[in-house]
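Source file: run12.txt; contents: compact mmCIF, C-alpha atoms.
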```txt
# COMPACT_ATOMS: atom_id res chain seq x y z
CA MET H 1 4.37 -1.92 4.22
CA HIS H 2 7.51 -3.50 2.83
CA ILE H 3 8.20 -3.40 -0.91
CA LEU H 4 11.12 -5.38 -2.30
CA GLY H 5 12.86 -3.51 -5.12
CA VAL H 6 14.46 -5.83 -7.66
CA CYS H 7 16.70 -4.67 -10.49
CA GLY H 8 16.95 -6.82 -13.61
CA SER H 9 20.41 -5.42 -14.31
CA LEU H 10 23.59 -6.29 -12.46
CA GLN H 11 25.35 -3.08 -13.56
CA ALA H 12 26.44 -0.85 -10.68
CA ASN H 13 25.39 2.30 -12.58
CA SER H 14 22.14 0.90 -14.00
CA GLY H 15 19.35 3.35 -14.75
CA ASN H 16 16.95 0.75 -13.36
CA LEU H 17 18.84 0.66 -10.09
CA ALA H 18 18.61 4.46 -10.00
CA LEU H 19 14.84 4.11 -10.50
CA LEU H 20 14.61 1.77 -7.49
CA ARG H 21 16.67 4.15 -5.38
CA ALA H 22 14.36 7.00 -6.40
CA ALA H 23 11.39 4.84 -5.36
CA ALA H 24 13.02 4.13 -1.98
CA GLY H 25 13.70 7.84 -1.48
CA SER H 26 10.20 8.93 -2.36
CA ALA H 27 8.13 6.23 -0.67
CA PRO H 28 5.25 7.59 1.38
CA ALA H 29 5.24 7.42 5.18
CA GLY H 30 4.77 3.88 6.43
CA VAL H 31 6.16 2.35 3.24
CA GLU H 32 9.68 1.01 2.97
CA VAL H 33 11.21 0.14 -0.40
CA ILE H 34 14.14 -2.20 0.17
CA VAL H 35 16.46 -2.34 -2.84
CA SER H 36 17.73 -5.90 -3.17
CA ASP H 37 20.88 -7.25 -4.78
CA LEU H 38 19.99 -10.89 -4.16
CA LEU H 39 19.78 -11.88 -7.85
CA ARG H 40 23.55 -11.63 -8.16
CA ASP H 41 24.16 -14.64 -5.90
CA LEU H 42 21.60 -17.09 -7.29
CA PRO H 43 22.89 -20.20 -9.05
CA PHE H 44 21.42 -21.14 -12.41
CA PHE H 45 17.99 -22.66 -11.88
CA ASP H 46 18.31 -26.41 -11.49
CA PRO H 47 15.56 -28.21 -9.57
CA GLY H 48 18.03 -31.04 -8.96
CA LEU H 49 20.09 -28.78 -6.69
CA GLU H 50 17.30 -28.93 -4.11
CA ALA H 51 17.73 -32.69 -3.70
CA ALA H 52 20.95 -31.97 -1.80
CA GLY H 53 19.35 -29.05 0.05
CA VAL H 54 18.22 -25.66 -1.11
CA PRO H 55 21.22 -23.39 -1.74
CA ARG H 56 21.52 -20.64 0.89
CA SER H 57 21.22 -17.86 -1.71
CA VAL H 58 17.95 -19.39 -2.95
CA GLU H 59 16.62 -19.64 0.63
CA THR H 60 17.50 -15.98 1.19
CA TRP H 61 15.79 -14.95 -2.08
CA ARG H 62 12.65 -16.92 -1.32
CA ARG H 63 12.48 -15.56 2.23
CA ALA H 64 12.82 -11.98 0.95
CA LEU H 65 9.92 -12.60 -1.45
CA ALA H 66 7.78 -14.23 1.22
CA ASP H 67 8.44 -11.43 3.72
CA CYS H 68 7.60 -8.50 1.42
CA ASP H 69 4.12 -7.13 0.82
CA ALA H 70 4.86 -6.39 -2.83
CA LEU H 71 7.60 -6.37 -5.42
CA LEU H 72 8.81 -3.46 -7.56
CA ILE H 73 10.81 -4.69 -10.54
CA ALA H 74 12.80 -2.28 -12.70
CA THR H 75 14.48 -4.03 -15.58
CA PRO H 76 16.19 -3.38 -18.87
CA GLU H 77 15.20 -5.15 -22.05
CA TYR H 78 17.81 -7.59 -23.34
CA GLY H 79 17.29 -9.07 -26.80
CA HIS H 80 13.59 -8.08 -26.83
CA SER H 81 13.04 -9.98 -23.59
CA LEU H 82 13.81 -9.89 -19.89
CA PRO H 83 17.38 -10.36 -18.63
CA GLY H 84 18.42 -13.92 -17.87
CA VAL H 85 19.32 -13.08 -14.27
CA LEU H 86 15.76 -11.88 -13.62
CA LYS H 87 14.17 -14.89 -15.33
CA ASN H 88 16.46 -17.14 -13.30
CA ALA H 89 15.32 -15.51 -10.05
CA ILE H 90 11.67 -15.90 -10.98
CA ASP H 91 12.25 -19.54 -11.93
CA TRP H 92 13.67 -20.21 -8.44
CA ALA H 93 10.48 -18.82 -6.85
CA ILE H 94 7.96 -20.69 -9.01
CA PRO H 95 8.18 -24.18 -7.45
CA SER H 96 8.13 -22.85 -3.88
CA GLY H 97 5.23 -20.43 -4.50
CA GLU H 98 6.45 -17.10 -3.07
CA LEU H 99 5.31 -15.22 -6.17
CA GLU H 100 1.83 -16.78 -6.33
CA ARG H 101 -0.68 -13.91 -6.38
CA LYS H 102 2.02 -11.47 -5.20
CA VAL H 103 1.40 -7.82 -6.12
CA VAL H 104 4.18 -6.82 -8.52
CA ALA H 105 4.83 -3.45 -10.12
CA MET H 106 7.08 -3.54 -13.15
CA THR H 107 8.78 -0.87 -15.21
CA ALA H 108 11.97 -0.01 -17.06
CA ALA H 109 14.06 3.14 -16.90
CA VAL H 110 14.57 4.06 -20.56
CA PRO H 111 16.08 6.89 -22.63
CA HIS H 112 13.18 6.92 -25.11
CA PRO H 113 9.48 5.96 -24.76
CA ASP H 114 9.72 3.27 -27.44
CA ARG H 115 12.36 1.32 -25.51
CA GLY H 116 11.81 -1.44 -22.96
CA ARG H 117 8.28 -2.46 -23.93
CA LEU H 118 9.11 -5.94 -25.25
CA GLY H 119 11.10 -6.79 -22.13
CA LEU H 120 8.20 -5.70 -19.94
CA GLN H 121 5.78 -7.77 -22.04
CA ALA H 122 8.00 -10.83 -21.55
CA LEU H 123 8.24 -10.13 -17.82
CA GLY H 124 4.46 -9.78 -17.59
CA GLN H 125 3.95 -13.07 -19.39
CA THR H 126 6.33 -14.81 -16.98
CA LEU H 127 4.65 -13.29 -13.91
CA ARG H 128 1.18 -14.21 -15.15
CA ALA H 129 2.31 -17.85 -14.95
CA VAL H 130 2.23 -17.45 -11.15
CA SER H 131 -0.97 -15.36 -11.13
CA ALA H 132 0.91 -12.27 -9.95
CA VAL H 133 -1.21 -9.15 -9.60
CA LEU H 134 0.49 -6.75 -12.01
CA VAL H 135 0.76 -2.99 -11.56
CA GLY H 136 2.26 -0.64 -14.13
CA GLY H 137 4.02 -2.27 -17.03
CA SER H 138 5.10 0.81 -18.95
CA PRO H 139 8.63 2.13 -19.20
CA ILE H 140 9.56 5.38 -17.45
CA VAL H 141 11.61 7.79 -19.55
CA ARG H 142 14.64 9.29 -17.85
CA GLY H 143 14.04 13.02 -17.97
CA PRO H 144 12.35 15.87 -16.12
CA ASP H 145 9.26 13.83 -15.11
CA PHE H 146 11.23 10.73 -14.08
CA GLU H 147 10.91 11.05 -10.30
CA ALA H 148 7.24 12.09 -10.49
CA GLN H 149 6.47 9.01 -12.60
CA VAL H 150 8.35 6.78 -10.15
CA ARG H 151 6.31 8.26 -7.27
CA ARG H 152 3.07 7.59 -9.18
CA LEU H 153 4.06 3.98 -9.78
CA VAL H 154 4.90 3.47 -6.09
CA ALA H 155 1.59 5.09 -5.13
CA ALA H 156 -0.30 2.75 -7.50
CA LEU H 157 1.56 -0.23 -6.04
CA VAL H 158 0.73 0.81 -2.47
CA GLU H 159 -2.92 1.33 -3.44
CA ARG H 160 -3.12 -2.14 -5.00
CA VAL H 161 -1.56 -3.79 -1.95
CA THR H 162 -4.01 -1.95 0.29
CA GLU H 163 -6.92 -3.08 -1.89
CA SER H 164 -5.74 -6.70 -1.85
CA ARG H 165 -5.46 -6.62 1.94
CA ALA H 166 -9.05 -5.35 2.11
CA GLY H 167 -10.17 -8.23 -0.09
CA GLY H 168 -10.38 -6.28 -3.35
```

Mind turning this structure into structure tokens?
Amino acid sequence: MHILGVCGSLQANSGNLALLRAAAGSAPAGVEVIVSDLLRDLPFFDPGLEAAGVPRSVETWRRALADCDALLIATPEYGHSLPGVLKNAIDWAIPSGELERKVVAMTAAVPHPDRGRLGLQALGQTLRAVSAVLVGGSPIVRGPDFEAQVRRLVAALVERVTESRAGG
């Protein structure tokens, strides 16, 4: 099983990137979490760009989405919403359909349990537009239970993918 890990932050020392790396390091046998940095190279969403040919970075992004069994998104909250770079990436995948009914786990690495919720709500709303099957949706507080919570989220994601493959 291949899970694509997507970070909504472009910061090299992002807590959300650390969450994805923890997920990759704790994935169960037979599950690979591939941490992606593809969002960085995407142009601003402009459907008119496709008239001259789909930009290579967009093709690569769409192929990565199509080839994965599920998505794990860890994202900060910016201005009570999701980061523009993440929304841009989702926008590029809407017309081509790679996110339609895709199983997607979403979370945010946060310093306090009250942080990140509005960004995750906005992300959920955006993903529901493509009928994504959502897993999780709560922030994970950085602290002593951080890695255990990340493992539980990955396990829930794997379980949901397995169920969807079985027709559930």

Could you give me, as JSON lines, a per-residue list for range 92-157 of chain H showing, wherever an atom lies at most 8 Å from an atom of range 21-31 of chain H, the closest pair of atoms and their distance in Å to one decimal, using all atoms listed in the file and sorting by chain then residue number from low to high?
```
{"residue": "H:Glu147", "atom": "CA", "partner": "H:Ala22", "partner_atom": "CA", "distance": 6.6}
{"residue": "H:Val150", "atom": "CA", "partner": "H:Ala23", "partner_atom": "CA", "distance": 6.0}
{"residue": "H:Arg151", "atom": "CA", "partner": "H:Ser26", "partner_atom": "CA", "distance": 6.3}
{"residue": "H:Val154", "atom": "CA", "partner": "H:Ala23", "partner_atom": "CA", "distance": 6.7}
{"residue": "H:Ala155", "atom": "CA", "partner": "H:Pro28", "partner_atom": "CA", "distance": 7.9}
```

Margin query: Using only C-alpha atoms, which protein or nucleic acid residues come within 10 Å of Thr107 in chain H? Drop anything in the same chain fewer than 4 positions from it, and give the result as a count of residues only.
Written below: 21

Notebook entry, point to check: Within 10 Å of (2.9, -14.5, -13.0), in the coordinates the file gives, what residues turn up when you count only C-alpha atoms, written out as an NGL selection string?
Noted result: :H and (90 or 94 or 99-104 or 123-134)

Check: So what do you get for CA of Ala70 in chain H versus CA of Ile3 in chain H, distance-wise?
Finding: 4.9 Å

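Using all atoms listed in the file for every distance, the candidate list H:Arg165, H:His112, H:Arg40, H:His80 yields H:Arg40 as the residue closest to Ser9 in chain H.
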
Checklist line | d(CA of Ser36 in chain H, CA of Val6 in chain H) in Å | finding: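 Between CA of Ser36 in chain H and CA of Val6 in chain H the gap is 5.6 Å.
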
Next item on the list: May I ask which of the residues H:Gly8, H:Pro144, H:Pro43, H:Gly53 is the closest one to Ser81 in chain H, counting all atoms listed in the file?
Entry: H:Gly8

Item checked: CA of Thr162 in chain H to CA of Arg142 in chain H, straight-line distance in Å ->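 Interatomic distance here is 28.3 Å.
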
Check: For the point (10.8, -4.3, 0.2) in file coordinates, what residues are within 8 Å, counting all atoms listed in the file? Give the answer as a PyMOL selection string?
Finding: chain H and resi 1-5+32-36+64+68-71

Can you spit out the residues from that selection as a PDB file, in the frame of the given file, using C-alpha atoms?
```pdb
ATOM      1  CA  MET H   1       4.370  -1.920   4.220  1.00  0.00           C
ATOM      2  CA  HIS H   2       7.510  -3.500   2.830  1.00  0.00           C
ATOM      3  CA  ILE H   3       8.200  -3.400  -0.910  1.00  0.00           C
ATOM      4  CA  LEU H   4      11.120  -5.380  -2.300  1.00  0.00           C
ATOM      5  CA  GLY H   5      12.860  -3.510  -5.120  1.00  0.00           C
ATOM      6  CA  GLU H  32       9.680   1.010   2.970  1.00  0.00           C
ATOM      7  CA  VAL H  33      11.210   0.140  -0.400  1.00  0.00           C
ATOM      8  CA  ILE H  34      14.140  -2.200   0.170  1.00  0.00           C
ATOM      9  CA  VAL H  35      16.460  -2.340  -2.840  1.00  0.00           C
ATOM     10  CA  SER H  36      17.730  -5.900  -3.170  1.00  0.00           C
ATOM     11  CA  ALA H  64      12.820 -11.980   0.950  1.00  0.00           C
ATOM     12  CA  CYS H  68       7.600  -8.500   1.420  1.00  0.00           C
ATOM     13  CA  ASP H  69       4.120  -7.130   0.820  1.00  0.00           C
ATOM     14  CA  ALA H  70       4.860  -6.390  -2.830  1.00  0.00           C
ATOM     15  CA  LEU H  71       7.600  -6.370  -5.420  1.00  0.00           C
TER      16      LEU H  71
END
```

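In this comparison, which uses all atoms listed in the file, the residue of H:Leu38, H:Ala156, H:Ala12, H:Leu17 approaching Ala108 in chain H most closely is H:Leu17.
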
Next item on the list: Fewer than 5 positions away in the same chain doesn't count, so skip those; otherwise give me all residues within 10 Å of Thr60 in chain H, counting only C-alpha atoms, as an MDAnalysis selection string.
Entry: chainID H and resid 38 41:42 54:55 65:66

Note to self: Using all atoms listed in the file for the distances, tell me which of H:Ala18, H:Leu157, H:Ala89, H:Ala105 is nearest to Asp46 in chain H.
What the structure shows: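 Nearest candidate to Asp46 in chain H out of H:Ala18, H:Leu157, H:Ala89, H:Ala105: H:Ala89.
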
When you get a chance, write out N, CA, C and O atoms for range 98-109 of chain H, as a JSON list (two decimals), keeping the file's coordinate frame.
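Saved file rebuild35.json follows:
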```
[["chain", "number", "residue", "atom", "x", "y", "z"],
["H", 98, "GLU", "N", 6.42, -18.45, -3.67],
["H", 98, "GLU", "CA", 6.45, -17.10, -3.07],
["H", 98, "GLU", "C", 5.87, -16.02, -3.96],
["H", 98, "GLU", "O", 5.47, -14.98, -3.46],
["H", 99, "LEU", "N", 5.85, -16.24, -5.26],
["H", 99, "LEU", "CA", 5.31, -15.22, -6.17],
["H", 99, "LEU", "C", 3.83, -15.42, -6.49],
["H", 99, "LEU", "O", 3.23, -14.56, -7.15],
["H", 100, "GLU", "N", 3.25, -16.52, -6.05],
["H", 100, "GLU", "CA", 1.83, -16.78, -6.33],
["H", 100, "GLU", "C", 0.98, -15.64, -5.80],
["H", 100, "GLU", "O", 1.02, -15.32, -4.61],
["H", 101, "ARG", "N", 0.25, -14.99, -6.70],
["H", 101, "ARG", "CA", -0.68, -13.91, -6.38],
["H", 101, "ARG", "C", -0.02, -12.73, -5.66],
["H", 101, "ARG", "O", -0.68, -11.94, -5.01],
["H", 102, "LYS", "N", 1.30, -12.60, -5.78],
["H", 102, "LYS", "CA", 2.02, -11.47, -5.20],
["H", 102, "LYS", "C", 1.73, -10.23, -6.04],
["H", 102, "LYS", "O", 1.62, -10.31, -7.26],
["H", 103, "VAL", "N", 1.58, -9.08, -5.40],
["H", 103, "VAL", "CA", 1.40, -7.82, -6.12],
["H", 103, "VAL", "C", 2.78, -7.37, -6.59],
["H", 103, "VAL", "O", 3.72, -7.26, -5.80],
["H", 104, "VAL", "N", 2.89, -7.14, -7.91],
["H", 104, "VAL", "CA", 4.18, -6.82, -8.52],
["H", 104, "VAL", "C", 4.01, -5.63, -9.46],
["H", 104, "VAL", "O", 3.22, -5.69, -10.40],
["H", 105, "ALA", "N", 4.76, -4.56, -9.18],
["H", 105, "ALA", "CA", 4.83, -3.45, -10.12],
["H", 105, "ALA", "C", 6.06, -3.66, -10.98],
["H", 105, "ALA", "O", 7.10, -4.12, -10.49],
["H", 106, "MET", "N", 5.94, -3.34, -12.26],
["H", 106, "MET", "CA", 7.08, -3.54, -13.15],
["H", 106, "MET", "C", 7.22, -2.33, -14.08],
["H", 106, "MET", "O", 6.23, -1.75, -14.52],
["H", 107, "THR", "N", 8.47, -1.99, -14.33],
["H", 107, "THR", "CA", 8.78, -0.87, -15.21],
["H", 107, "THR", "C", 10.21, -1.02, -15.71],
["H", 107, "THR", "O", 10.92, -1.95, -15.34],
["H", 108, "ALA", "N", 10.61, -0.07, -16.55],
["H", 108, "ALA", "CA", 11.97, -0.01, -17.06],
["H", 108, "ALA", "C", 12.36, 1.45, -17.18],
["H", 108, "ALA", "O", 11.57, 2.26, -17.68],
["H", 109, "ALA", "N", 13.53, 1.80, -16.71],
["H", 109, "ALA", "CA", 14.06, 3.14, -16.90],
["H", 109, "ALA", "C", 14.67, 3.18, -18.30],
["H", 109, "ALA", "O", 15.58, 2.41, -18.60]]
```
